[in-house]
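*Asks:* Contents of start-v8.pdb (PDB, C-alpha atoms and all ligand atoms) are below:
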ATOM      1  CA  MET A   1      27.835  -7.183  22.652
ATOM      2  CA  ALA A   2      28.280  -4.182  20.354
ATOM      3  CA  ASN A   3      26.136  -1.080  20.560
ATOM      4  CA  LEU A   4      23.640  -1.427  17.702
ATOM      5  CA  GLN A   5      21.879   1.929  18.076
ATOM      6  CA  VAL A   6      21.784   4.019  14.918
ATOM      7  CA  LYS A   7      20.603   7.522  14.112
ATOM      8  CA  ILE A   8      18.943   8.412  10.826
ATOM      9  CA  GLY A   9      18.980  12.173  11.193
ATOM     10  CA  GLU A  10      16.708  12.868  14.149
ATOM     11  CA  LEU A  11      15.271   9.337  14.086
ATOM     12  CA  GLU A  12      16.903   7.031  16.629
ATOM     13  CA  LEU A  13      16.588   3.281  16.189
ATOM     14  CA  LYS A  14      17.640   0.624  18.686
ATOM     15  CA  ASN A  15      19.317  -1.273  15.855
ATOM     16  CA  PRO A  16      19.734  -0.846  12.073
ATOM     17  CA  LEU A  17      17.329  -3.618  10.974
ATOM     18  CA  ILE A  18      14.019  -2.417   9.555
ATOM     19  CA  THR A  19      11.596  -4.789   7.876
ATOM     20  CA  ALA A  20      10.953  -3.499   4.328
ATOM     21  CA  ALA A  21       7.596  -2.216   3.109
ATOM     22  CA  GLY A  22       5.160  -5.026   2.439
ATOM     23  CA  ALA A  23       7.415  -7.756   3.806
ATOM     24  CA  VAL A  24       5.449  -8.068   7.043
ATOM     25  CA  GLY A  25       2.162  -6.763   5.598
ATOM     26  CA  ASP A  26       0.333  -4.564   8.106
ATOM     27  CA  GLY A  27       2.752  -5.677  10.861
ATOM     28  CA  LEU A  28      -0.018  -7.089  13.052
ATOM     29  CA  ALA A  29       0.947 -10.767  12.659
ATOM     30  CA  LEU A  30       4.626 -10.260  13.393
ATOM     31  CA  SER A  31       4.230 -10.913  17.120
ATOM     32  CA  ASP A  32       3.129 -14.501  16.277
ATOM     33  CA  TYR A  33       6.816 -15.091  15.469
ATOM     34  CA  TYR A  34       8.844 -12.792  17.759
ATOM     35  CA  PRO A  35       8.379  -9.567  19.728
ATOM     36  CA  PRO A  36       8.489  -6.662  17.225
ATOM     37  CA  ALA A  37      10.493  -4.808  19.900
ATOM     38  CA  GLN A  38      13.514  -6.774  18.665
ATOM     39  CA  LEU A  39      13.488  -4.756  15.441
ATOM     40  CA  GLY A  40      14.983  -1.348  14.810
ATOM     41  CA  GLY A  41      11.830  -0.526  12.886
ATOM     42  CA  MET A  42       9.174  -1.822  10.582
ATOM     43  CA  VAL A  43       7.877  -0.288   7.370
ATOM     44  CA  LEU A  44       4.343  -1.404   6.607
ATOM     45  CA  ARG A  45       2.631  -2.312   3.347
ATOM     46  CA  SER A  46       2.084   0.745   1.134
ATOM     47  CA  VAL A  47      -1.238   2.511   1.575
ATOM     48  CA  THR A  48      -3.105   4.712  -0.898
ATOM     49  CA  PHE A  49      -5.792   7.224   0.048
ATOM     50  CA  GLU A  50      -8.573   5.149  -1.527
ATOM     51  CA  PRO A  51      -8.674   1.337  -1.132
ATOM     52  CA  GLN A  52      -7.117  -0.594  -4.039
ATOM     53  CA  CYS A  53      -7.919  -4.155  -5.088
ATOM     54  CA  GLY A  54      -4.562  -4.728  -6.826
ATOM     55  CA  TYR A  55      -3.540  -6.546  -9.994
ATOM     56  CA  PRO A  56      -5.009  -9.824 -11.275
ATOM     57  CA  ALA A  57      -3.601 -13.155 -10.009
ATOM     58  CA  PRO A  58      -1.096 -14.761 -10.173
ATOM     59  CA  ARG A  59       0.743 -12.041  -8.297
ATOM     60  CA  VAL A  60       3.856 -13.946  -7.313
ATOM     61  CA  ALA A  61       6.273 -15.974  -9.445
ATOM     62  CA  GLU A  62       9.539 -17.668  -8.603
ATOM     63  CA  ALA A  63      12.762 -16.398 -10.126
ATOM     64  CA  THR A  64      16.307 -17.693  -9.776
ATOM     65  CA  GLY A  65      17.615 -16.136  -6.569
ATOM     66  CA  GLY A  66      14.526 -14.098  -5.927
ATOM     67  CA  MET A  67      10.815 -13.565  -6.362
ATOM     68  CA  LEU A  68       8.684 -11.609  -8.801
ATOM     69  CA  THR A  69       5.662  -9.795  -7.403
ATOM     70  CA  SER A  70       2.928  -7.730  -9.014
ATOM     71  CA  ILE A  71       0.612  -6.861  -6.172
ATOM     72  CA  GLY A  72      -0.620  -3.524  -7.467
ATOM     73  CA  LEU A  73      -0.833  -1.739  -4.120
ATOM     74  CA  GLU A  74      -3.713  -3.808  -2.768
ATOM     75  CA  ASN A  75      -4.715  -2.127   0.503
ATOM     76  CA  ARG A  76      -7.745  -0.992   2.488
ATOM     77  CA  GLY A  77      -7.139   2.732   2.117
ATOM     78  CA  ALA A  78      -5.803   5.433   4.430
ATOM     79  CA  GLU A  79      -8.924   5.846   6.573
ATOM     80  CA  TYR A  80      -9.200   2.161   7.479
ATOM     81  CA  VAL A  81      -5.467   1.765   8.094
ATOM     82  CA  ALA A  82      -5.314   4.930  10.225
ATOM     83  CA  SER A  83      -8.325   4.041  12.336
ATOM     84  CA  HIS A  84      -8.075   0.225  12.601
ATOM     85  CA  GLU A  85      -4.546  -1.008  11.887
ATOM     86  CA  LEU A  86      -2.047   1.612  13.048
ATOM     87  CA  PRO A  87      -3.584   2.079  16.532
ATOM     88  CA  ARG A  88      -3.064  -1.653  17.185
ATOM     89  CA  LEU A  89       0.684  -1.238  16.660
ATOM     90  CA  GLN A  90       0.970   1.469  19.304
ATOM     91  CA  GLY A  91       3.337   0.415  22.064
ATOM     92  CA  CYS A  92       4.756  -2.494  20.028
ATOM     93  CA  GLY A  93       8.240  -1.345  21.015
ATOM     94  CA  THR A  94       9.688  -0.642  17.603
ATOM     95  CA  ALA A  95       9.651   2.324  15.218
ATOM     96  CA  VAL A  96       6.436   2.010  13.201
ATOM     97  CA  ILE A  97       6.819   3.519   9.726
ATOM     98  CA  PRO A  98       3.783   3.459   7.411
ATOM     99  CA  SER A  99       4.487   3.551   3.683
ATOM    100  CA  ILE A 100       2.504   5.924   1.474
ATOM    101  CA  ALA A 101       1.860   5.237  -2.207
ATOM    102  CA  ALA A 102      -0.425   7.042  -4.637
ATOM    103  CA  LEU A 103      -1.882   7.146  -8.122
ATOM    104  CA  THR A 104      -1.665  10.957  -8.333
ATOM    105  CA  GLU A 105       0.673  13.539  -6.811
ATOM    106  CA  GLU A 106      -2.156  14.986  -4.736
ATOM    107  CA  GLU A 107      -3.042  11.634  -3.206
ATOM    108  CA  TYR A 108       0.298  11.407  -1.368
ATOM    109  CA  GLN A 109      -0.567  14.529   0.585
ATOM    110  CA  LEU A 110      -4.075  13.335   1.500
ATOM    111  CA  THR A 111      -2.768  10.103   3.037
ATOM    112  CA  ALA A 112       0.073  11.872   4.844
ATOM    113  CA  ALA A 113      -2.406  14.334   6.349
ATOM    114  CA  ARG A 114      -4.560  11.445   7.610
ATOM    115  CA  PHE A 115      -1.562   9.589   9.088
ATOM    116  CA  ASP A 116      -0.331  12.765  10.777
ATOM    117  CA  LYS A 117      -3.305  12.422  13.148
ATOM    118  CA  VAL A 118      -2.253   8.902  14.243
ATOM    119  CA  ALA A 119      -0.295   8.694  17.505
ATOM    120  CA  GLY A 120       2.933   6.762  17.922
ATOM    121  CA  LEU A 121       4.383   6.810  14.391
ATOM    122  CA  ALA A 122       8.144   7.224  14.007
ATOM    123  CA  ALA A 123       8.290   8.370  10.363
ATOM    124  CA  LEU A 124       6.627   7.954   6.968
ATOM    125  CA  GLU A 125       8.235   6.180   4.027
ATOM    126  CA  ILE A 126       7.151   7.691   0.716
ATOM    127  CA  ASN A 127       6.980   5.008  -1.965
ATOM    128  CA  LEU A 128       8.155   6.800  -5.117
ATOM    129  CA  ALA A 129       8.524   3.496  -6.970
ATOM    130  CA  CYS A 130       4.825   3.317  -7.742
ATOM    131  CA  ALA A 131       3.324   4.441 -11.022
ATOM    132  CA  ASP A 132       0.890   7.204 -11.926
ATOM    133  CA  GLU A 133      -2.141   6.614 -14.146
ATOM    134  CA  GLN A 134       0.102   6.763 -17.242
ATOM    135  CA  GLY A 135       2.334   4.012 -15.830
ATOM    136  CA  LEU A 136       5.300   6.305 -15.033
ATOM    137  CA  ASP A 137       6.981   5.940 -11.642
ATOM    138  CA  PHE A 138       6.688   9.182  -9.653
ATOM    139  CA  GLY A 139      10.305   8.688  -8.610
ATOM    140  CA  ALA A 140      11.608   8.911 -12.185
ATOM    141  CA  ASP A 141      11.434  12.719 -12.217
ATOM    142  CA  PRO A 142      13.361  14.904  -9.726
ATOM    143  CA  ALA A 143      10.953  17.850 -10.081
ATOM    144  CA  ARG A 144       7.981  15.649  -9.305
ATOM    145  CA  VAL A 145       9.731  14.133  -6.295
ATOM    146  CA  GLY A 146      10.493  17.620  -4.985
ATOM    147  CA  ARG A 147       6.835  18.615  -5.327
ATOM    148  CA  ILE A 148       5.582  15.432  -3.644
ATOM    149  CA  ILE A 149       7.938  15.672  -0.663
ATOM    150  CA  SER A 150       7.219  19.414  -0.203
ATOM    151  CA  SER A 151       3.473  18.837  -0.307
ATOM    152  CA  ILE A 152       3.769  16.116   2.346
ATOM    153  CA  LYS A 153       6.029  18.300   4.517
ATOM    154  CA  ALA A 154       3.276  20.908   4.455
ATOM    155  CA  VAL A 155       0.837  18.583   6.254
ATOM    156  CA  THR A 156       3.000  16.592   8.669
ATOM    157  CA  GLY A 157       5.929  17.038  11.002
ATOM    158  CA  LEU A 158       6.791  13.327  10.814
ATOM    159  CA  PRO A 159      10.250  12.564   9.410
ATOM    160  CA  LEU A 160      10.070  11.480   5.753
ATOM    161  CA  ILE A 161      12.036   8.675   4.115
ATOM    162  CA  ALA A 162      11.951   8.939   0.309
ATOM    163  CA  LYS A 163      11.996   5.431  -1.194
ATOM    164  CA  LEU A 164      13.589   5.927  -4.590
ATOM    165  CA  SER A 165      12.502   4.315  -7.842
ATOM    166  CA  PRO A 166      14.928   2.299  -9.972
ATOM    167  CA  ALA A 167      13.199   3.952 -12.957
ATOM    168  CA  ALA A 168      15.135   7.183 -12.288
ATOM    169  CA  GLN A 169      17.893   7.807 -14.816
ATOM    170  CA  ASP A 170      19.880   9.754 -12.240
ATOM    171  CA  GLN A 171      19.245   8.568  -8.667
ATOM    172  CA  LEU A 172      21.428  11.331  -7.233
ATOM    173  CA  LYS A 173      19.361  14.109  -8.831
ATOM    174  CA  VAL A 174      16.145  12.568  -7.497
ATOM    175  CA  ALA A 175      17.640  12.065  -4.045
ATOM    176  CA  GLU A 176      18.885  15.658  -3.990
ATOM    177  CA  ALA A 177      15.419  16.895  -4.931
ATOM    178  CA  ALA A 178      14.032  14.897  -1.999
ATOM    179  CA  ALA A 179      16.710  16.381   0.281
ATOM    180  CA  THR A 180      15.986  19.950  -0.806
ATOM    181  CA  ALA A 181      12.275  19.399  -0.225
ATOM    182  CA  GLY A 182      13.001  18.262   3.339
ATOM    183  CA  ALA A 183      13.243  14.459   3.354
ATOM    184  CA  LEU A 184      15.121  13.007   6.329
ATOM    185  CA  ALA A 185      16.652  10.095   4.417
ATOM    186  CA  VAL A 186      16.343   8.049   1.252
ATOM    187  CA  SER A 187      15.862   4.309   0.975
ATOM    188  CA  LEU A 188      16.771   2.076  -1.961
ATOM    189  CA  THR A 189      16.408  -0.056  -3.843
ATOM    190  CA  ALA A 190      12.806  -0.800  -4.554
ATOM    191  CA  PRO A 191      12.408  -4.008  -6.582
ATOM    192  CA  LEU A 192      13.474  -3.980 -10.219
ATOM    193  CA  PRO A 193      11.187  -4.677 -13.211
ATOM    194  CA  GLY A 194      11.121  -8.303 -14.309
ATOM    195  CA  MET A 195       9.015 -11.045 -15.891
ATOM    196  CA  ALA A 196       8.687 -14.812 -16.210
ATOM    197  CA  ILE A 197       7.068 -16.745 -19.085
ATOM    198  CA  ASP A 198       5.167 -20.028 -19.123
ATOM    199  CA  ILE A 199       6.518 -21.403 -22.389
ATOM    200  CA  GLU A 200       3.847 -24.123 -22.719
ATOM    201  CA  LYS A 201       1.021 -21.584 -22.465
ATOM    202  CA  ARG A 202       3.110 -18.999 -24.340
ATOM    203  CA  GLN A 203       2.107 -16.329 -21.874
ATOM    204  CA  PRO A 204       3.569 -14.417 -18.920
ATOM    205  CA  ILE A 205       3.207 -16.132 -15.556
ATOM    206  CA  LEU A 206       2.147 -12.998 -13.679
ATOM    207  CA  GLY A 207      -1.435 -11.882 -14.235
ATOM    208  CA  ARG A 208      -0.337  -8.365 -15.090
ATOM    209  CA  GLY A 209       2.306  -9.600 -17.532
ATOM    210  CA  TRP A 210       5.307  -8.294 -15.597
ATOM    211  CA  GLY A 211       6.291  -7.574 -12.042
ATOM    212  CA  ARG A 212       9.122  -6.497  -9.768
ATOM    213  CA  LEU A 213      12.103  -8.582  -8.732
ATOM    214  CA  SER A 214      13.284  -8.815  -5.089
ATOM    215  CA  GLY A 215      15.658 -11.068  -3.205
ATOM    216  CA  PRO A 216      19.325 -12.120  -3.483
ATOM    217  CA  ALA A 217      19.300 -11.756  -7.300
ATOM    218  CA  VAL A 218      19.180  -7.956  -6.933
ATOM    219  CA  LYS A 219      21.796  -7.658  -4.174
ATOM    220  CA  PRO A 220      24.944  -6.774  -6.180
ATOM    221  CA  LEU A 221      23.062  -4.098  -8.114
ATOM    222  CA  ALA A 222      21.409  -2.715  -4.971
ATOM    223  CA  LEU A 223      24.720  -2.650  -3.122
ATOM    224  CA  HIS A 224      26.347  -0.695  -5.950
ATOM    225  CA  MET A 225      23.474   1.811  -6.020
ATOM    226  CA  VAL A 226      23.722   2.332  -2.254
ATOM    227  CA  HIS A 227      27.493   2.764  -2.459
ATOM    228  CA  GLN A 228      27.296   5.304  -5.292
ATOM    229  CA  LEU A 229      24.557   7.323  -3.672
ATOM    230  CA  SER A 230      25.881   7.381  -0.137
ATOM    231  CA  LYS A 231      29.230   8.742  -1.338
ATOM    232  CA  ASN A 232      27.607  11.730  -3.004
ATOM    233  CA  LEU A 233      24.447  12.529  -1.057
ATOM    234  CA  ARG A 234      24.117  14.757   2.000
ATOM    235  CA  LEU A 235      21.229  12.634   3.374
ATOM    236  CA  PRO A 236      21.468   9.311   5.219
ATOM    237  CA  VAL A 237      20.881   6.279   2.998
ATOM    238  CA  ILE A 238      18.904   3.206   4.077
ATOM    239  CA  GLY A 239      19.952   0.221   1.981
ATOM    240  CA  MET A 240      18.014  -2.829   0.862
ATOM    241  CA  GLY A 241      17.846  -5.437  -1.862
ATOM    242  CA  GLY A 242      18.436  -9.129  -1.261
ATOM    243  CA  ILE A 243      19.567  -8.976   2.364
ATOM    244  CA  ALA A 244      19.108 -12.464   3.818
ATOM    245  CA  CYS A 245      21.893 -12.880   6.401
ATOM    246  CA  GLY A 246      24.153 -10.913   8.717
ATOM    247  CA  THR A 247      27.008 -10.633   6.234
ATOM    248  CA  ASP A 248      24.668  -9.181   3.573
ATOM    249  CA  ALA A 249      23.653  -6.499   6.082
ATOM    250  CA  ILE A 250      27.301  -5.752   6.923
ATOM    251  CA  GLU A 251      28.078  -5.301   3.207
ATOM    252  CA  PHE A 252      25.301  -2.709   2.886
ATOM    253  CA  MET A 253      26.529  -0.820   5.962
ATOM    254  CA  MET A 254      30.128  -0.887   4.733
ATOM    255  CA  ALA A 255      28.856   0.454   1.384
ATOM    256  CA  GLY A 256      27.415   3.444   3.259
ATOM    257  CA  ALA A 257      23.948   2.519   4.515
ATOM    258  CA  CYS A 258      23.265   3.813   8.028
ATOM    259  CA  ALA A 259      20.477   1.223   8.379
ATOM    260  CA  PHE A 260      19.089  -1.565   6.215
ATOM    261  CA  GLN A 261      15.754  -3.095   5.306
ATOM    262  CA  VAL A 262      14.893  -6.742   4.818
ATOM    263  CA  GLY A 263      12.076  -7.622   2.422
ATOM    264  CA  ALA A 264      11.609 -10.893   0.520
ATOM    265  CA  ALA A 265      13.676 -12.915   3.007
ATOM    266  CA  ASN A 266      10.802 -12.515   5.514
ATOM    267  CA  VAL A 267       8.466 -14.240   3.089
ATOM    268  CA  HIS A 268      10.712 -17.313   2.962
ATOM    269  CA  ASP A 269      11.448 -17.306   6.688
ATOM    270  CA  PRO A 270       9.384 -15.197   9.114
ATOM    271  CA  LEU A 271      12.148 -15.554  11.734
ATOM    272  CA  ILE A 272      14.848 -14.141   9.466
ATOM    273  CA  ALA A 273      15.059 -10.708  11.113
ATOM    274  CA  PRO A 274      16.144 -11.860  14.607
ATOM    275  CA  ARG A 275      18.582 -14.268  12.946
ATOM    276  CA  ILE A 276      20.166 -11.480  10.856
ATOM    277  CA  LEU A 277      20.536  -9.390  14.013
ATOM    278  CA  SER A 278      22.250 -12.160  15.939
ATOM    279  CA  GLU A 279      24.592 -12.839  12.984
ATOM    280  CA  LEU A 280      25.390  -9.118  12.820
ATOM    281  CA  ASN A 281      26.128  -9.113  16.560
ATOM    282  CA  GLU A 282      28.340 -12.184  16.321
ATOM    283  CA  TRP A 283      30.385 -10.677  13.498
ATOM    284  CA  LEU A 284      30.858  -7.371  15.324
ATOM    285  CA  ASP A 285      31.948  -9.204  18.491
ATOM    286  CA  ALA A 286      34.287 -11.519  16.598
ATOM    287  CA  HIS A 287      35.948  -8.499  14.956
ATOM    288  CA  GLY A 288      36.149  -6.379  18.105
ATOM    289  CA  VAL A 289      33.761  -3.725  16.784
ATOM    290  CA  ARG A 290      32.065  -2.055  19.769
ATOM    291  CA  ASN A 291      29.663   0.168  17.842
ATOM    292  CA  VAL A 292      27.888  -0.765  14.596
ATOM    293  CA  ASN A 293      28.274   2.802  13.280
ATOM    294  CA  GLU A 294      32.030   2.184  12.994
ATOM    295  CA  ILE A 295      31.495   0.037   9.902
ATOM    296  CA  VAL A 296      29.222   2.489   8.055
ATOM    297  CA  GLY A 297      30.779   3.699   4.809
ATOM    298  CA  VAL A 298      34.195   2.124   5.339
ATOM    299  CA  ILE A 299      34.358   1.292   1.624
ATOM    300  CA  ALA A 300      35.804   4.336  -0.145
TER     301      ALA A 300
HETATM  302  C1  LIG B   1       5.839  -9.558  -0.892
HETATM  303  C2  LIG B   1       6.406  -8.176  -1.083
HETATM  304  C3  LIG B   1       5.582  -7.074  -0.890
HETATM  305  C4  LIG B   1       6.101  -5.783  -1.058
HETATM  306  N1  LIG B   1       5.285  -4.704  -0.861
HETATM  307  C5  LIG B   1       5.810  -3.458  -0.943
HETATM  308  C6  LIG B   1       5.020  -2.315  -0.633
HETATM  309  O1  LIG B   1       3.848  -2.406  -0.245
HETATM  310  N2  LIG B   1       5.614  -1.090  -0.760
HETATM  311  C7  LIG B   1       6.921  -0.911  -1.139
HETATM  312  O2  LIG B   1       7.421   0.219  -1.188
HETATM  313  N3  LIG B   1       7.696  -1.991  -1.417
HETATM  314  C8  LIG B   1       7.176  -3.231  -1.323
HETATM  315  N4  LIG B   1       7.965  -4.314  -1.574
HETATM  316  C9  LIG B   1       9.380  -4.084  -1.933
HETATM  317  C10 LIG B   1      10.296  -4.195  -0.698
HETATM  318  O3  LIG B   1       9.937  -3.272   0.291
HETATM  319  C11 LIG B   1      11.770  -4.006  -1.083
HETATM  320  O4  LIG B   1      11.937  -2.687  -1.577
HETATM  321  C12 LIG B   1      12.256  -4.950  -2.164
HETATM  322  O5  LIG B   1      11.610  -6.188  -2.088
HETATM  323  C13 LIG B   1      13.782  -5.133  -2.134
HETATM  324  O6  LIG B   1      14.225  -5.708  -0.921
HETATM  325  P1  LIG B   1      14.378  -7.316  -0.726
HETATM  326  O7  LIG B   1      15.204  -7.826  -1.863
HETATM  327  O8  LIG B   1      14.993  -7.466   0.640
HETATM  328  O9  LIG B   1      12.992  -7.869  -0.795
HETATM  329  C14 LIG B   1       7.464  -5.613  -1.425
HETATM  330  C15 LIG B   1       8.284  -6.736  -1.600
HETATM  331  C16 LIG B   1       7.774  -7.998  -1.426
HETATM  332  C17 LIG B   1       8.690  -9.177  -1.617
END
As structure tokens, please, write out the structure in this file.
*Replies:*
Amino acid sequence: MANLQVKIGELELKNPLITAAGAVGDGLALSDYYPPAQLGGMVLRSVTFEPQCGYPAPRVAEATGGMLTSIGLENRGAEYVASHELPRLQGCGTAVIPSIAALTEEEYQLTAARFDKVAGLAALEINLACADEQGLDFGADPARVGRIISSIKAVTGLPLIAKLSPAAQDQLKVAEAAATAGALAVSLTAPLPGMAIDIEKRQPILGRGWGRLSGPAVKPLALHMVHQLSKNLRLPVIGMGGIACGTDAIEFMMAGACAFQVGAANVHDPLIAPRILSELNEWLDAHGVRNVNEIVGVIA
């Protein structure tokens, strides 16, 4: 069996598979399916400082090769999550990575400061693919991203993963701003904007009118983004977008991702993560690869 350990800067994971933000909710139900200790890490549902009730239903719609969601950051707020949910994940045997979202720049820092007091966290993922009160993704603007990451660095020593927004015109500039401000790594891609229409009712299917597309439909685009960024960025890149089997994960690692996240596939099959890991293992063994890091970035 190959060595699956990976390092994302100072963060060491037992393997490169991380469940993506939101895909396993608050993480508490995962052990109904398999021991979370099998995972390299798990990113939790995004949390804002104040509780949010989210967008109107329907919040999920089918799409060819994927799913559209418009959840609107529904969550119970930083205080509840820090005092009731995160402590229950202590000792679960995997890297627990809360995700922080916000409606204002200042709110990111407030939540990070609250989570800094919680024991046993491995890192924070900063969701820059969420929108401010004007509807603009924070991650669209490099200067804003720099300010947000710096303000979070000022209140926590936890490693920071900047989850980029597909709304950015130049992902590299945004990622470099995150690097300069002290992020440990970047992750991409967040889901892409999309919609579905009920032609009989002549109205959008999602309650909010539009949503974000995840799943296999986004994989080629996500893979290209990861490849482009990892060639030019000085930070480690965590790849995601449509990963549903071992070979998908291998493609992302060959494109340059040092680790990968699995999102929508968990919704279809809660046992997908252990299966992806065993497929990854089988492929490495069959090809005589002793260490998973050997395949990272092999595509020029
Ligand atoms: C049901 C669902 C909930 C999600 N919730 C969040 C979230 O809370 N925060 C976030 O940053 N991304 C969230 N995402 C996006 C995923 O983390 C991931 O970036 C995206 O779905 C692309 O990966 P995938 O194609 O493997 O799903 C969610 C995705 C799904 C399908």
*Asks:* Would you list the residues that come within 6 Å of ligand LIG 1 (chain B)? Count all atoms listed in the file and give the answer as a ChimeraX atom specification.
*Replies:* /A:20-23,45-46,127,189-191,214-215,240-243,262-264
*Asks:* Tell me which of A:Ile8, A:Ala78, A:Ala95, A:Val145 sits closest to A:Asp116, counting all atoms listed in the file.
*Replies:*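 The closest residue to A:Asp116 is A:Ala78.
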*Asks:* Would you list the contacts of A:Asp26 as a PyMOL selection string, taking every protein, DNA or RNA residue within 12 Å and counting only C-alpha atoms, but skipping same-chain residues closer than 6 positions in sequence?
*Replies:* chain A and resi 19-20+42-47+74-76+80-82+84-89+96-99
*Asks:* Could you jot down the atom CA of A:Gln134 to atom CA of A:Arg202 separation for me, Å, one decimal place?
*Replies:*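 Interatomic distance here is 26.9 Å.
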*Asks:* Ranking A:Leu284, A:Val226, A:Ala129, A:Leu160 by minimum distance to A:Ile250 and counting only C-alpha atoms, which one comes first?
*Replies:*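 Comparing A:Leu284, A:Val226, A:Ala129, A:Leu160 against A:Ile250, the winner is A:Leu284.
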*Asks:* Identify which of the residues A:Glu106, A:Asp269, A:Glu282, A:Asp132 lies closest to A:Val24, counting all atoms listed in the file when measuring atom-to-atom distances.
*Replies:*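 So, comparing all the options, the nearest one is A:Asp269.
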*Asks:* Can I get stretch 96-107 of chain A with N, CA, C and O atoms filled in, as a PDB file, in the coordinates of the input?
*Replies:*
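What landed in selection00.pdb:
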ATOM      1  N   VAL A  96       7.456   2.366  14.194  1.00  0.00           N
ATOM      2  CA  VAL A  96       6.436   2.010  13.201  1.00  0.00           C
ATOM      3  C   VAL A  96       6.446   3.071  12.095  1.00  0.00           C
ATOM      4  O   VAL A  96       6.276   4.257  12.358  1.00  0.00           O
ATOM      5  N   ILE A  97       6.658   2.600  10.863  1.00  0.00           N
ATOM      6  CA  ILE A  97       6.819   3.519   9.726  1.00  0.00           C
ATOM      7  C   ILE A  97       5.840   3.115   8.612  1.00  0.00           C
ATOM      8  O   ILE A  97       6.120   2.195   7.838  1.00  0.00           O
ATOM      9  N   PRO A  98       4.682   3.765   8.531  1.00  0.00           N
ATOM     10  CA  PRO A  98       3.783   3.459   7.411  1.00  0.00           C
ATOM     11  C   PRO A  98       4.417   3.887   6.090  1.00  0.00           C
ATOM     12  O   PRO A  98       5.244   4.795   6.056  1.00  0.00           O
ATOM     13  N   SER A  99       4.007   3.209   5.020  1.00  0.00           N
ATOM     14  CA  SER A  99       4.487   3.551   3.683  1.00  0.00           C
ATOM     15  C   SER A  99       3.313   4.134   2.900  1.00  0.00           C
ATOM     16  O   SER A  99       2.225   3.562   2.891  1.00  0.00           O
ATOM     17  N   ILE A 100       3.569   5.256   2.237  1.00  0.00           N
ATOM     18  CA  ILE A 100       2.504   5.924   1.474  1.00  0.00           C
ATOM     19  C   ILE A 100       2.781   5.785  -0.022  1.00  0.00           C
ATOM     20  O   ILE A 100       3.874   6.128  -0.489  1.00  0.00           O
ATOM     21  N   ALA A 101       1.789   5.290  -0.746  1.00  0.00           N
ATOM     22  CA  ALA A 101       1.860   5.237  -2.207  1.00  0.00           C
ATOM     23  C   ALA A 101       0.685   6.039  -2.765  1.00  0.00           C
ATOM     24  O   ALA A 101      -0.184   6.488  -1.998  1.00  0.00           O
ATOM     25  N   ALA A 102       0.643   6.227  -4.062  1.00  0.00           N
ATOM     26  CA  ALA A 102      -0.425   7.042  -4.637  1.00  0.00           C
ATOM     27  C   ALA A 102      -0.538   6.801  -6.131  1.00  0.00           C
ATOM     28  O   ALA A 102       0.391   6.285  -6.764  1.00  0.00           O
ATOM     29  N   LEU A 103      -1.685   7.195  -6.669  1.00  0.00           N
ATOM     30  CA  LEU A 103      -1.882   7.146  -8.122  1.00  0.00           C
ATOM     31  C   LEU A 103      -1.758   8.538  -8.736  1.00  0.00           C
ATOM     32  O   LEU A 103      -1.605   8.684  -9.943  1.00  0.00           O
ATOM     33  N   THR A 104      -1.855   9.578  -7.863  1.00  0.00           N
ATOM     34  CA  THR A 104      -1.665  10.957  -8.333  1.00  0.00           C
ATOM     35  C   THR A 104      -0.786  11.685  -7.323  1.00  0.00           C
ATOM     36  O   THR A 104      -0.701  11.268  -6.156  1.00  0.00           O
ATOM     37  N   GLU A 105      -0.178  12.772  -7.732  1.00  0.00           N
ATOM     38  CA  GLU A 105       0.673  13.539  -6.811  1.00  0.00           C
ATOM     39  C   GLU A 105      -0.117  13.992  -5.592  1.00  0.00           C
ATOM     40  O   GLU A 105       0.368  13.950  -4.466  1.00  0.00           O
ATOM     41  N   GLU A 106      -1.346  14.422  -5.818  1.00  0.00           N
ATOM     42  CA  GLU A 106      -2.156  14.986  -4.736  1.00  0.00           C
ATOM     43  C   GLU A 106      -2.493  13.938  -3.679  1.00  0.00           C
ATOM     44  O   GLU A 106      -2.635  14.241  -2.498  1.00  0.00           O
ATOM     45  N   GLU A 107      -2.617  12.691  -4.125  1.00  0.00           N
ATOM     46  CA  GLU A 107      -3.042  11.634  -3.206  1.00  0.00           C
ATOM     47  C   GLU A 107      -2.003  11.387  -2.104  1.00  0.00           C
ATOM     48  O   GLU A 107      -2.359  11.018  -0.977  1.00  0.00           O
TER      49      GLU A 107
END
